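Student: If it helps, the file is called upload-v6.txt and holds compact mmCIF, C-alpha atoms and all ligand atoms:
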# COMPACT_ATOMS: atom_id res chain seq x y z
CA MET L 24 -6.66 -9.63 -21.60
CA GLU L 25 -9.42 -7.19 -22.22
CA ASN L 26 -9.43 -3.51 -21.41
CA VAL L 27 -11.87 -2.37 -18.73
CA LYS L 28 -13.97 0.74 -18.72
CA ILE L 29 -14.52 2.45 -15.36
CA LYS L 30 -16.82 5.45 -15.48
CA ASP L 31 -15.39 7.72 -18.23
CA LYS L 32 -11.96 6.08 -18.52
CA THR L 33 -10.45 2.98 -20.19
CA PHE L 34 -7.72 0.93 -18.54
CA LYS L 35 -5.46 -1.85 -19.84
CA VAL L 36 -3.80 -4.69 -17.91
CA TYR L 37 -0.45 -3.64 -16.45
CA LEU L 38 0.37 -6.32 -13.83
CA ASN L 39 -1.61 -9.54 -13.94
CA ASN L 40 -2.70 -11.40 -10.83
CA SER L 41 -0.11 -14.14 -11.22
CA GLN L 42 2.74 -11.58 -11.40
CA ILE L 43 1.27 -9.90 -8.31
CA GLN L 44 1.10 -13.19 -6.37
CA THR L 45 4.70 -14.08 -7.27
CA GLU L 46 5.88 -10.69 -6.00
CA ILE L 47 3.82 -10.99 -2.81
CA GLN L 48 5.46 -14.34 -2.01
CA ARG L 49 8.89 -12.73 -2.49
CA LEU L 50 7.93 -9.78 -0.28
CA ALA L 51 6.60 -12.07 2.47
CA GLY L 52 9.84 -14.07 2.31
CA GLU L 53 11.82 -10.86 2.80
CA ILE L 54 9.69 -9.83 5.78
CA ASN L 55 10.00 -13.33 7.31
CA ALA L 56 13.78 -13.21 6.92
CA ARG L 57 14.39 -9.63 8.08
CA CYS L 58 11.94 -9.82 11.00
CA ALA L 59 12.83 -13.36 12.15
CA GLY L 60 12.63 -13.62 15.96
CA LYS L 61 10.81 -10.28 16.25
CA LYS L 62 7.19 -9.59 17.06
CA VAL L 63 5.61 -7.59 14.23
CA THR L 64 2.62 -5.24 14.31
CA PHE L 65 1.13 -5.01 10.82
CA LEU L 66 -0.69 -1.73 10.15
CA PRO L 67 -2.43 -2.11 6.76
CA VAL L 68 -3.75 1.22 5.48
CA LEU L 69 -7.40 1.12 4.39
CA SER L 70 -8.99 1.06 1.97
CA GLY L 71 -6.50 0.38 -0.82
CA SER L 72 -4.36 -2.29 0.86
CA PHE L 73 -7.17 -4.71 1.76
CA LEU L 74 -6.59 -7.23 -1.07
CA PHE L 75 -2.79 -6.94 -1.00
CA PHE L 76 -2.65 -7.48 2.76
CA ALA L 77 -5.11 -10.41 2.63
CA ASP L 78 -2.74 -12.21 0.22
CA LEU L 79 0.50 -11.11 1.94
CA ILE L 80 -0.50 -12.26 5.42
CA LYS L 81 -1.14 -15.84 4.23
CA HIS L 82 2.65 -16.19 3.69
CA ILE L 83 3.80 -14.51 6.94
CA LYS L 84 5.48 -16.80 9.45
CA VAL L 85 6.72 -14.35 12.12
CA GLU L 86 4.73 -13.68 15.30
CA HIS L 87 2.40 -10.77 14.63
CA GLU L 88 -0.68 -8.71 15.41
CA ILE L 89 -2.82 -6.80 12.91
CA TYR L 90 -4.44 -3.38 13.32
CA PHE L 91 -5.99 -1.71 10.29
CA VAL L 92 -5.58 2.07 10.07
CA LYS L 93 -7.42 4.55 7.87
CA TYR L 94 -6.35 8.03 6.77
CA LYS L 95 -8.06 10.49 4.52
CA SER L 96 -6.50 13.44 2.67
CA TYR L 97 -8.42 16.69 2.81
CA SER L 98 -9.26 17.58 -0.76
CA GLY L 99 -7.38 20.58 -2.06
CA THR L 100 -4.69 20.38 0.60
CA ASP L 101 -2.33 17.85 -1.02
CA SER L 102 0.53 20.32 -1.04
CA THR L 103 0.21 20.97 2.71
CA GLY L 104 0.12 17.25 3.45
CA ILE L 105 -2.76 17.48 5.91
CA VAL L 106 -4.17 13.99 6.35
CA ASP L 107 -7.00 13.08 8.74
CA ALA L 108 -6.65 9.90 10.89
CA MET L 109 -10.06 8.24 10.69
CA LEU L 110 -8.80 5.01 12.27
CA PRO L 111 -5.50 5.72 14.08
CA PRO L 112 -2.91 3.16 15.24
CA PRO L 113 -3.39 1.64 18.72
CA ALA L 114 -2.10 3.69 21.69
CA SER L 115 0.79 1.30 22.38
CA ILE L 116 2.66 -1.17 20.20
CA LYS L 117 5.75 -1.20 22.42
CA GLY L 118 8.18 -4.08 22.01
CA THR L 119 7.21 -4.72 18.38
CA THR L 120 8.42 -3.84 14.89
CA ALA L 121 5.66 -1.87 13.16
CA ILE L 122 5.16 -2.51 9.44
CA ILE L 123 2.90 -0.01 7.68
CA VAL L 124 1.33 -1.77 4.68
CA GLU L 125 0.35 0.42 1.71
CA ASP L 126 -1.10 -0.42 -1.71
CA ILE L 127 0.74 2.43 -3.42
CA VAL L 128 3.20 5.13 -2.38
CA ASP L 129 3.37 8.14 -4.65
CA THR L 130 4.78 11.41 -3.23
CA GLY L 131 4.94 10.06 0.34
CA THR L 132 2.60 12.78 1.64
CA THR L 133 0.31 10.25 3.35
CA LEU L 134 3.27 8.52 4.99
CA LYS L 135 4.51 11.84 6.36
CA THR L 136 1.45 11.79 8.64
CA ILE L 137 1.22 8.04 9.28
CA VAL L 138 4.88 7.44 10.25
CA PRO L 139 5.00 10.02 13.13
CA ASP L 140 1.60 8.74 14.36
CA VAL L 141 2.94 5.18 14.47
CA GLN L 142 6.15 6.35 16.18
CA LYS L 143 4.00 7.86 18.97
CA SER L 144 2.72 4.33 19.71
CA GLY L 145 6.28 3.44 20.80
CA PRO L 146 7.38 0.52 18.58
CA ASP L 147 11.04 -0.60 18.51
CA ALA L 148 11.17 0.25 14.78
CA VAL L 149 8.89 1.46 12.00
CA LYS L 150 9.11 -0.11 8.54
CA ILE L 151 7.11 0.50 5.37
CA CYS L 152 5.88 -2.14 2.93
CA SER L 153 4.17 -1.09 -0.30
CA LEU L 154 3.01 -3.20 -3.23
CA LEU L 155 3.63 -0.30 -5.64
CA LEU L 156 6.04 2.64 -5.50
CA LYS L 157 6.41 5.58 -7.88
CA PRO L 158 10.11 6.31 -7.15
CA ASP L 159 10.31 9.42 -9.35
CA LYS L 160 7.67 11.18 -7.26
CA TYR L 161 8.65 9.91 -3.82
CA ASP L 162 9.78 12.78 -1.60
CA PHE L 163 10.09 11.60 2.01
CA ALA L 164 13.29 11.00 4.02
CA PHE L 165 11.93 7.70 5.37
CA SER L 166 12.73 4.88 2.92
CA VAL L 167 10.27 2.21 1.79
CA ASP L 168 11.77 -1.01 3.21
CA PHE L 169 9.75 -3.62 1.31
CA THR L 170 8.64 -2.73 -2.24
CA GLY L 171 6.72 -4.97 -4.65
CA PHE L 172 6.90 -3.13 -7.97
CA GLU L 173 8.52 0.20 -8.83
CA ILE L 174 6.27 1.77 -11.48
CA GLU L 175 6.17 4.80 -13.77
CA ASN L 176 3.99 7.78 -12.99
CA ASP L 177 0.91 6.19 -14.60
CA PHE L 178 -2.47 6.16 -12.86
CA VAL L 179 -3.30 2.56 -11.91
CA VAL L 180 -6.45 0.83 -10.63
CA GLY L 181 -7.56 -2.62 -9.48
CA TYR L 182 -6.45 -5.09 -6.82
CA GLY L 183 -7.65 -2.69 -4.10
CA LEU L 184 -6.82 0.57 -5.90
CA ASP L 185 -9.74 2.72 -6.99
CA TYR L 186 -10.71 5.24 -9.59
CA ASP L 187 -13.26 7.45 -7.84
CA GLU L 188 -14.10 4.53 -5.45
CA ALA L 189 -14.69 2.11 -8.37
CA GLY L 190 -12.51 -0.76 -9.61
CA ARG L 191 -11.13 -1.97 -6.28
CA ASN L 192 -12.41 -5.54 -6.92
CA LEU L 193 -10.45 -6.10 -10.17
CA ARG L 194 -8.03 -9.04 -9.83
CA HIS L 195 -5.30 -7.47 -12.01
CA ILE L 196 -3.73 -4.01 -11.84
CA TYR L 197 -4.62 -1.81 -14.82
CA LYS L 198 -3.24 1.46 -16.10
CA LEU L 199 -4.97 4.30 -17.85
CA THR L 200 -4.87 4.16 -21.65
CA ASN L 201 -4.36 7.26 -23.74
CA SER L 202 -7.62 6.68 -25.61
P1 LIG L 301 1.00 9.92 -1.60
O1 LIG L 301 0.45 10.46 -0.30
O2 LIG L 301 2.15 8.95 -1.43
O3 LIG L 301 1.29 10.99 -2.61
O4 LIG L 301 -0.16 9.14 -2.30
C1 LIG L 301 -0.69 8.05 -1.76
C2 LIG L 301 -2.15 7.90 -2.12
O5 LIG L 301 -2.48 8.50 -3.39
C3 LIG L 301 -2.43 6.44 -2.27
O6 LIG L 301 -2.74 5.86 -1.02
C4 LIG L 301 -3.58 6.45 -3.24
O7 LIG L 301 -4.78 6.65 -2.55
C5 LIG L 301 -3.33 7.66 -4.13
N1 LIG L 301 -2.67 7.29 -5.40
C6 LIG L 301 -1.45 7.68 -5.82
N2 LIG L 301 -1.17 7.19 -7.05
C7 LIG L 301 -2.25 6.45 -7.40
C8 LIG L 301 -2.56 5.66 -8.57
O8 LIG L 301 -1.80 5.52 -9.54
N3 LIG L 301 -3.78 5.04 -8.55
C9 LIG L 301 -4.66 5.14 -7.51
N4 LIG L 301 -5.82 4.47 -7.63
N5 LIG L 301 -4.40 5.87 -6.41
C10 LIG L 301 -3.20 6.51 -6.35
Could you take the file, read its structure, and then write that structure out as structure tokens?

Tutor:
Amino acid sequence: MENVKIKDKTFKVYLNNSQIQTEIQRLAGEINARCAGKKVTFLPVLSGSFLFFADLIKHIKVEHEIYFVKYKSYSGTDSTGIVDAMLPPPASIKGTTAIIVEDIVDTGTTLKTIVPDVQKSGPDAVKICSLLLKPDKYDFAFSVDFTGFEIENDFVVGYGLDYDEAGRNLRHIYKLTNS
């Protein structure tokens, strides 16, 4: 498969769409099994998770509701972990198991804001599902319950993930080349 050029950078295929779909079916199976008999509130995090969630939800069999949430990091404040809730979770999701759906989890800084916000909405439990996880960089006491792929610390784009807001529509996931 061909490399793609996005703005000033070149990326090569890392995970192709068929590998991604196979993993999503496995993840959905795990969610269906572990949440059987429960009511689930899915909280997909915009913008990056839109393609992942659209494919995941097609395989979900448990009773559920869906509320998209959106958070934005303030530039230059990564180390302080200040993240702005542009589209917060609903006021109450009592009596349900909340599943936060992320495209990628890196240091866990974003989750450090999202998880307490979701807990305030009063669910029975909060779980995290992420298509990609960079385990070496993850630094948050809350574990990721449902993980698609554990990856190295490479910068990846495509399948919802952007490089400077470009590349989200690519059907495969690409990683930065050294060239
Ligand atoms: P964290 O808060 O876990 O450090 O980082 C999460 C956010 O950083 C993700 O939601 C995503 O926006 C961005 N991010 C981290 N690693 C990557 C990557 O490899 N590619 C892209 N496109 N975004 C990333």

Student: How far is it from atom CA of Gly171 of chain L to atom CA of Lys30 of chain L, in Å with one decimal?

Tutor: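 Separating atom CA of Gly171 of chain L from atom CA of Lys30 of chain L is a distance of 27.9 Å.
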
Student: Would you please work out which residue, of L:Asn26, L:Asn192, L:Thr130, L:Ser166, is nearest to ligand LIG 301 (chain L) when using all atoms listed in the file?

Tutor: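 With all atoms listed in the file as the atom set, the closest residue is L:Thr130.
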
Student: Set the cut-off to 9 Å, count only C-alpha atoms and all ligand atoms, and list whatever residues fall near ligand LIG 301 (chain L) as a ChimeraX atom specification.

Tutor: /L:68-72,94-96,101,104,106,125-135,155-157,160-162,176-181,183-188,190-191,198-199

Student: So which one's closest to Thr119 of chain L, L:Leu50, L:Ala77, L:Ile43, L:Ala148? Using all atoms listed in the file, please.

Tutor: L:Ala148

Student: Provide the atom CA of Glu86 of chain L to atom CA of Val124 of chain L distance in Å, to one decimal place.

Tutor: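 We find that atom CA of Glu86 of chain L and atom CA of Val124 of chain L lie 16.3 Å from each other.
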